[in-house]
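Chemist: Before anything else, here's the structure in question.
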Amino acid sequence: MNILLSAAFVLTWSSGFIGAKLGAGSASAVTVLMWRFLPLAVALGLVAATLTRAAWRDVSARDLGRQALVGALSQSGYLLTVYYAIQLGVSSGTTALIDGTQPLVAGALAGPLLGQFVSRTQWVGLGLGVTGVAIVTAADFAEGGDTAWWAYLVPFLGMFSLVAATFLDRRAPRSVRPAVSMTVHCATSAAIFTALALAARAATPPAEASFWVAIAWLVALSTFGGYGLYWLILRRSGVTQVNTLMFLMAPATALWGALMFGEPFGVGTALGLAVGLAAVLVVRRGAATPRPTAAVEAARPVTRGSERPARRVRSGR
């Protein structure tokens with residue numbers, strides 16, 4: 001995996017937690033999310049109707065439905081829990097720390113669901129990464145203040161939502177082009193968050209300039225940067241590799257939050273950062289060529305022009 005691409009992903013994905021903190025100071029979570037996705041969906045729709053029409057020619061209704069569900073899980077479900085947790089008083093760093101448990105869940109499911117080989121060395125690295133996350137989480141929780149204990153459970157719902165979206169996308173019979181998936185995901189999120197904002201009577205944006213600064217931040221860095229790079233790296237390198245980088249989100253966000261918002265960053269956070277970096281190095285060193293199971297091979301469709309039709313296996317879905 002390209003180091004610069006990985007670094008850009010860590011930086012831009014972490015920016016989403018910071019943007020959520022910026023937006024939380026001037027509006028509710030659904031207001032920020034509505035205005036983050038509504039103009040973006042309109043712009044991407046215009047691009048799809050003019051510049052990227054060719055990418056939509058072979059897209060079926062089933063493809064659109066699957067991508068809409070992936071978008072609802074990976075954007076709407078994930079982001080709503082992140083923003084709500086921060087609105088409840090959970091720090092941006094702690095929210096990212098809780099989301100840092102995602103690689104363990106994804107790594108455990110990669111074998112049975114995708115047939116991807118996870119080596120022993122990679123499992124050691126995953127365990128090391130979780131240890132780093134636990135160290136930083138404990139340090140942040142000690143400085144938690146008056147935030148209710150159950151608020152720390154909210155980001156776990158978002159983590160599971162993103163994991164579900166990842167596996168749903170990877171198990172698709174065929175992939176769609178990034179221009180299509182990004183447009184469908186953003187349109188789905190725009191519809192969901194607009195409906196929620198209207199129901200909560202929170203659709204009117206505040207007049208503060210800081211609100212629109214947060215929106216611009218989230219669209220440019222978090223959506224096009226972090227979200228786009230997530231799917232790019234996922235398709236290039238697989239679930240285990242991209243999710244290993246998630247271990248770096250927690251300490252990176254904690255450091256960023258400390259610099260911008262004065263959130264606590266002590267010895268425990270620094271130690272967690274070092275352990276997280278070590279975890280990434282271990283997993284990258286233990287990376288092996290994925291070895292699909294027979295069921296996955298049988299279910300994989302052939303490309304156009306192939307002389308033999310693809311064999312399909314009943315999956316129970």
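Identifiers for the structure tokens are assigned positionally: chains receive A, B, ... in sequence, residues are indexed from 1 per chain, and ligands are indexed from 1 in the order shown.
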So that I can see what lies close to A:Ala250, please list as a PyMOL selection string the residues with an atom at most 10 Å from it, counting only C-alpha atoms and leaving out residues fewer than 3 positions away in the same chain.

Modeler: chain A and resi 10+14+17+92-101+132-133+136-137+246-247+253-256+269+272-273+276

Chemist: For stretch 29-72 of chain A versus stretch 224-239 of chain A, which residues have an atom no more than 12 Å away, and what is each residue's nearest atom pair and distance in Å rounded to one decimal, using only C-alpha atoms, chain-then-number order, as JSON lines?

Modeler:
{"residue": "A:Arg36", "atom": "CA", "partner": "A:Phe224", "partner_atom": "CA", "distance": 11.7}
{"residue": "A:Phe37", "atom": "CA", "partner": "A:Phe224", "partner_atom": "CA", "distance": 11.5}
{"residue": "A:Leu40", "atom": "CA", "partner": "A:Phe224", "partner_atom": "CA", "distance": 10.1}
{"residue": "A:Leu44", "atom": "CA", "partner": "A:Phe224", "partner_atom": "CA", "distance": 11.3}
{"residue": "A:Val70", "atom": "CA", "partner": "A:Trp231", "partner_atom": "CA", "distance": 11.4}
{"residue": "A:Gly71", "atom": "CA", "partner": "A:Tyr227", "partner_atom": "CA", "distance": 10.8}

Chemist: Would you export the selected residues with C-alpha atoms as a JSON list (two decimals), in the first residue's frame, please?

Modeler:
[["chain", "number", "residue", "atom", "x", "y", "z"],
["A", 36, "ARG", "CA", -23.13, 18.42, 4.52],
["A", 37, "PHE", "CA", -24.81, 16.02, 2.10],
["A", 40, "LEU", "CA", -23.05, 17.54, -2.29],
["A", 44, "LEU", "CA", -22.72, 14.90, -7.79],
["A", 70, "VAL", "CA", -24.08, 0.48, 1.72],
["A", 71, "GLY", "CA", -24.38, 4.26, 1.79]]

Chemist: Counting only C-alpha atoms, what is within 12 Å of A:Ala190, bar same-chain residues fewer than 2 positions away, as an NGL selection string?

Modeler: :A and (30-45 or 68 or 71-72 or 75-76 or 183-188 or 192-198 or 203)

Chemist: If we count only C-alpha atoms and set the cut-off at 9 Å, which residues sit around A:Ser210, ignoring sequence neighbours fewer than 3 positions away in its own chain? Please answer as an NGL selection string.

Modeler: :A and (22-23 or 25-26 or 207 or 213-215)

Chemist: Could you save the residues just selected, with C-alpha atoms, as a compact mmCIF listing (two decimals), in the first residue's frame?

Modeler:
# COMPACT_ATOMS: atom_id res chain seq x y z
CA LEU A 22 -16.60 22.23 14.79
CA GLY A 23 -20.18 21.78 13.62
CA GLY A 25 -20.71 24.16 18.39
CA SER A 26 -23.30 25.86 16.18
CA ALA A 207 -26.29 32.14 10.42
CA VAL A 213 -16.65 26.58 7.66
CA ALA A 214 -17.42 23.22 9.28
CA ILE A 215 -19.54 22.17 6.28

Chemist: Quote the spacing between atom CA of A:Gly89 and atom CA of A:Phe9 in Å to one decimal place.

Modeler: 25.9 Å

Chemist: Take atom CA of A:Val82 and atom CA of A:Ser181 and report the distance between them in Å, one decimal.

Modeler: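 Interatomic distance, atom CA of A:Val82 to atom CA of A:Ser181: 22.0 Å.
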
Chemist: Taking only stretch 33-62 of chain A into account, list the residues labelled alpha helix (DSSP H) by DSSP (computed from the backbone), as a PyMOL selection string.

Modeler: chain A and resi 33-50+61-62

Chemist: Please provide as a PDB file with N, CA and C atoms, in the first residue's frame all residues within 12 Å of stretch 62-67 of chain A, with the sequence filter that same-chain residues fewer than 6 positions apart are discarded (counting only C-alpha atoms).

Modeler:
ATOM      1  N   TRP A  56     -22.667   4.929 -15.763  1.00  0.00           N
ATOM      2  CA  TRP A  56     -23.962   4.461 -15.297  1.00  0.00           C
ATOM      3  C   TRP A  56     -24.650   3.511 -16.275  1.00  0.00           C
ATOM      4  N   LEU A  73     -25.557   2.578   5.552  1.00  0.00           N
ATOM      5  CA  LEU A  73     -24.791   2.036   6.682  1.00  0.00           C
ATOM      6  C   LEU A  73     -23.482   2.781   6.894  1.00  0.00           C
ATOM      7  N   SER A  74     -22.730   2.985   5.802  1.00  0.00           N
ATOM      8  CA  SER A  74     -21.376   3.526   5.928  1.00  0.00           C
ATOM      9  C   SER A  74     -21.341   5.035   6.134  1.00  0.00           C
ATOM     10  N   GLN A  75     -22.374   5.734   5.677  1.00  0.00           N
ATOM     11  CA  GLN A  75     -22.413   7.179   5.894  1.00  0.00           C
ATOM     12  C   GLN A  75     -23.449   7.555   6.944  1.00  0.00           C
ATOM     13  N   ALA A 165     -21.332  -2.345   6.331  1.00  0.00           N
ATOM     14  CA  ALA A 165     -21.283  -1.774   4.982  1.00  0.00           C
ATOM     15  C   ALA A 165     -20.079  -2.291   4.202  1.00  0.00           C
ATOM     16  N   THR A 166     -18.950  -2.433   4.880  1.00  0.00           N
ATOM     17  CA  THR A 166     -17.735  -2.912   4.226  1.00  0.00           C
ATOM     18  C   THR A 166     -17.923  -4.314   3.670  1.00  0.00           C
ATOM     19  N   PHE A 167     -18.476  -5.211   4.477  1.00  0.00           N
ATOM     20  CA  PHE A 167     -18.654  -6.583   4.030  1.00  0.00           C
ATOM     21  C   PHE A 167     -19.775  -6.708   2.998  1.00  0.00           C
ATOM     22  N   LEU A 168     -20.805  -5.885   3.128  1.00  0.00           N
ATOM     23  CA  LEU A 168     -21.862  -5.889   2.127  1.00  0.00           C
ATOM     24  C   LEU A 168     -21.319  -5.487   0.764  1.00  0.00           C
ATOM     25  N   ASP A 169     -20.446  -4.497   0.736  1.00  0.00           N
ATOM     26  CA  ASP A 169     -19.848  -4.057  -0.521  1.00  0.00           C
ATOM     27  C   ASP A 169     -18.906  -5.111  -1.084  1.00  0.00           C
ATOM     28  N   ARG A 170     -18.091  -5.737  -0.235  1.00  0.00           N
ATOM     29  CA  ARG A 170     -17.112  -6.707  -0.720  1.00  0.00           C
ATOM     30  C   ARG A 170     -17.751  -8.004  -1.187  1.00  0.00           C
ATOM     31  N   ARG A 171     -18.966  -8.304  -0.740  1.00  0.00           N
ATOM     32  CA  ARG A 171     -19.647  -9.517  -1.161  1.00  0.00           C
ATOM     33  C   ARG A 171     -20.548  -9.295  -2.373  1.00  0.00           C
ATOM     34  N   ALA A 172     -20.513  -8.114  -2.935  1.00  0.00           N
ATOM     35  CA  ALA A 172     -21.337  -7.825  -4.113  1.00  0.00           C
ATOM     36  C   ALA A 172     -20.894  -8.686  -5.295  1.00  0.00           C
ATOM     37  N   PRO A 173     -21.830  -9.173  -6.114  1.00  0.00           N
ATOM     38  CA  PRO A 173     -21.474  -9.984  -7.285  1.00  0.00           C
ATOM     39  C   PRO A 173     -20.537  -9.252  -8.235  1.00  0.00           C
ATOM     40  N   ARG A 174     -20.672  -7.957  -8.323  1.00  0.00           N
ATOM     41  CA  ARG A 174     -19.772  -7.153  -9.150  1.00  0.00           C
ATOM     42  C   ARG A 174     -19.676  -5.756  -8.540  1.00  0.00           C
ATOM     43  N   SER A 175     -18.582  -5.089  -8.828  1.00  0.00           N
ATOM     44  CA  SER A 175     -18.373  -3.753  -8.280  1.00  0.00           C
ATOM     45  C   SER A 175     -18.862  -2.702  -9.266  1.00  0.00           C
ATOM     46  N   VAL A 176     -19.178  -1.538  -8.743  1.00  0.00           N
ATOM     47  CA  VAL A 176     -19.549  -0.408  -9.592  1.00  0.00           C
ATOM     48  C   VAL A 176     -18.438   0.625  -9.516  1.00  0.00           C
ATOM     49  N   ARG A 177     -18.433   1.520 -10.446  1.00  0.00           N
ATOM     50  CA  ARG A 177     -17.368   2.522 -10.486  1.00  0.00           C
ATOM     51  C   ARG A 177     -17.511   3.511  -9.328  1.00  0.00           C
ATOM     52  N   PRO A 178     -16.369   4.056  -8.873  1.00  0.00           N
ATOM     53  CA  PRO A 178     -16.407   4.990  -7.745  1.00  0.00           C
ATOM     54  C   PRO A 178     -17.330   6.183  -7.950  1.00  0.00           C
ATOM     55  N   ALA A 179     -17.419   6.676  -9.189  1.00  0.00           N
ATOM     56  CA  ALA A 179     -18.307   7.810  -9.452  1.00  0.00           C
ATOM     57  C   ALA A 179     -19.763   7.460  -9.166  1.00  0.00           C
ATOM     58  N   VAL A 180     -20.125   6.213  -9.436  1.00  0.00           N
ATOM     59  CA  VAL A 180     -21.494   5.759  -9.189  1.00  0.00           C
ATOM     60  C   VAL A 180     -21.731   5.562  -7.695  1.00  0.00           C
ATOM     61  N   SER A 181     -20.841   4.836  -7.043  1.00  0.00           N
ATOM     62  CA  SER A 181     -21.041   4.539  -5.627  1.00  0.00           C
ATOM     63  C   SER A 181     -21.043   5.809  -4.784  1.00  0.00           C
ATOM     64  N   MET A 182     -20.140   6.732  -5.048  1.00  0.00           N
ATOM     65  CA  MET A 182     -20.085   7.968  -4.279  1.00  0.00           C
ATOM     66  C   MET A 182     -21.373   8.772  -4.443  1.00  0.00           C
ATOM     67  N   THR A 183     -21.893   8.845  -5.665  1.00  0.00           N
ATOM     68  CA  THR A 183     -23.120   9.594  -5.917  1.00  0.00           C
ATOM     69  C   THR A 183     -24.304   8.968  -5.210  1.00  0.00           C
ATOM     70  N   VAL A 184     -24.435   7.642  -5.307  1.00  0.00           N
ATOM     71  CA  VAL A 184     -25.555   6.949  -4.661  1.00  0.00           C
ATOM     72  C   VAL A 184     -25.464   7.072  -3.143  1.00  0.00           C
ATOM     73  N   HIS A 185     -24.264   6.903  -2.584  1.00  0.00           N
ATOM     74  CA  HIS A 185     -24.093   7.010  -1.138  1.00  0.00           C
ATOM     75  C   HIS A 185     -24.480   8.391  -0.632  1.00  0.00           C
ATOM     76  N   CYS A 186     -24.000   9.423  -1.309  1.00  0.00           N
ATOM     77  CA  CYS A 186     -24.288  10.786  -0.864  1.00  0.00           C
ATOM     78  C   CYS A 186     -25.767  11.141  -1.044  1.00  0.00           C
ATOM     79  N   ALA A 187     -26.382  10.666  -2.136  1.00  0.00           N
ATOM     80  CA  ALA A 187     -27.809  10.927  -2.354  1.00  0.00           C
ATOM     81  C   ALA A 187     -28.650  10.239  -1.283  1.00  0.00           C
ATOM     82  N   THR A 188     -28.268   9.021  -0.928  1.00  0.00           N
ATOM     83  CA  THR A 188     -28.979   8.295   0.125  1.00  0.00           C
ATOM     84  C   THR A 188     -28.868   9.026   1.454  1.00  0.00           C
ATOM     85  N   SER A 189     -27.656   9.459   1.800  1.00  0.00           N
ATOM     86  CA  SER A 189     -27.453  10.172   3.055  1.00  0.00           C
ATOM     87  C   SER A 189     -28.187  11.508   3.059  1.00  0.00           C
TER      88      SER A 189
END

Chemist: Considering only C-alpha atoms, can you say which of A:Ser119, A:Ser91, A:Thr131, A:Gln102 comes closest to A:Tyr152?

Modeler: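 Counting only C-alpha atoms, the residue closest to A:Tyr152 is A:Ser91.
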
Chemist: How many Å separate atom CA of A:Leu221 from atom CA of A:Leu4?

Modeler: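 A separation of 15.6 Å between them.
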
Chemist: In terms of the shortest atom-to-atom distance over only C-alpha atoms, which of A:Ala49, A:Val90, A:Ala278, A:Ala55 is closest to A:Gly257?

Modeler: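 Residue with the minimum atom-to-atom distance to A:Gly257: A:Val90.
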
Chemist: Nearest to A:Val105: which of A:Phe156, A:Trp150, A:Tyr83, A:Phe141 is it, counting only C-alpha atoms?

Modeler: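 Closest candidate: A:Phe156.
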
Chemist: Nearest to A:Leu271: which of A:Ala134, A:Pro206, A:Ala54, A:Phe211 is it, counting only C-alpha atoms?

Modeler: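 The answer is A:Ala134, which sits nearest to A:Leu271.
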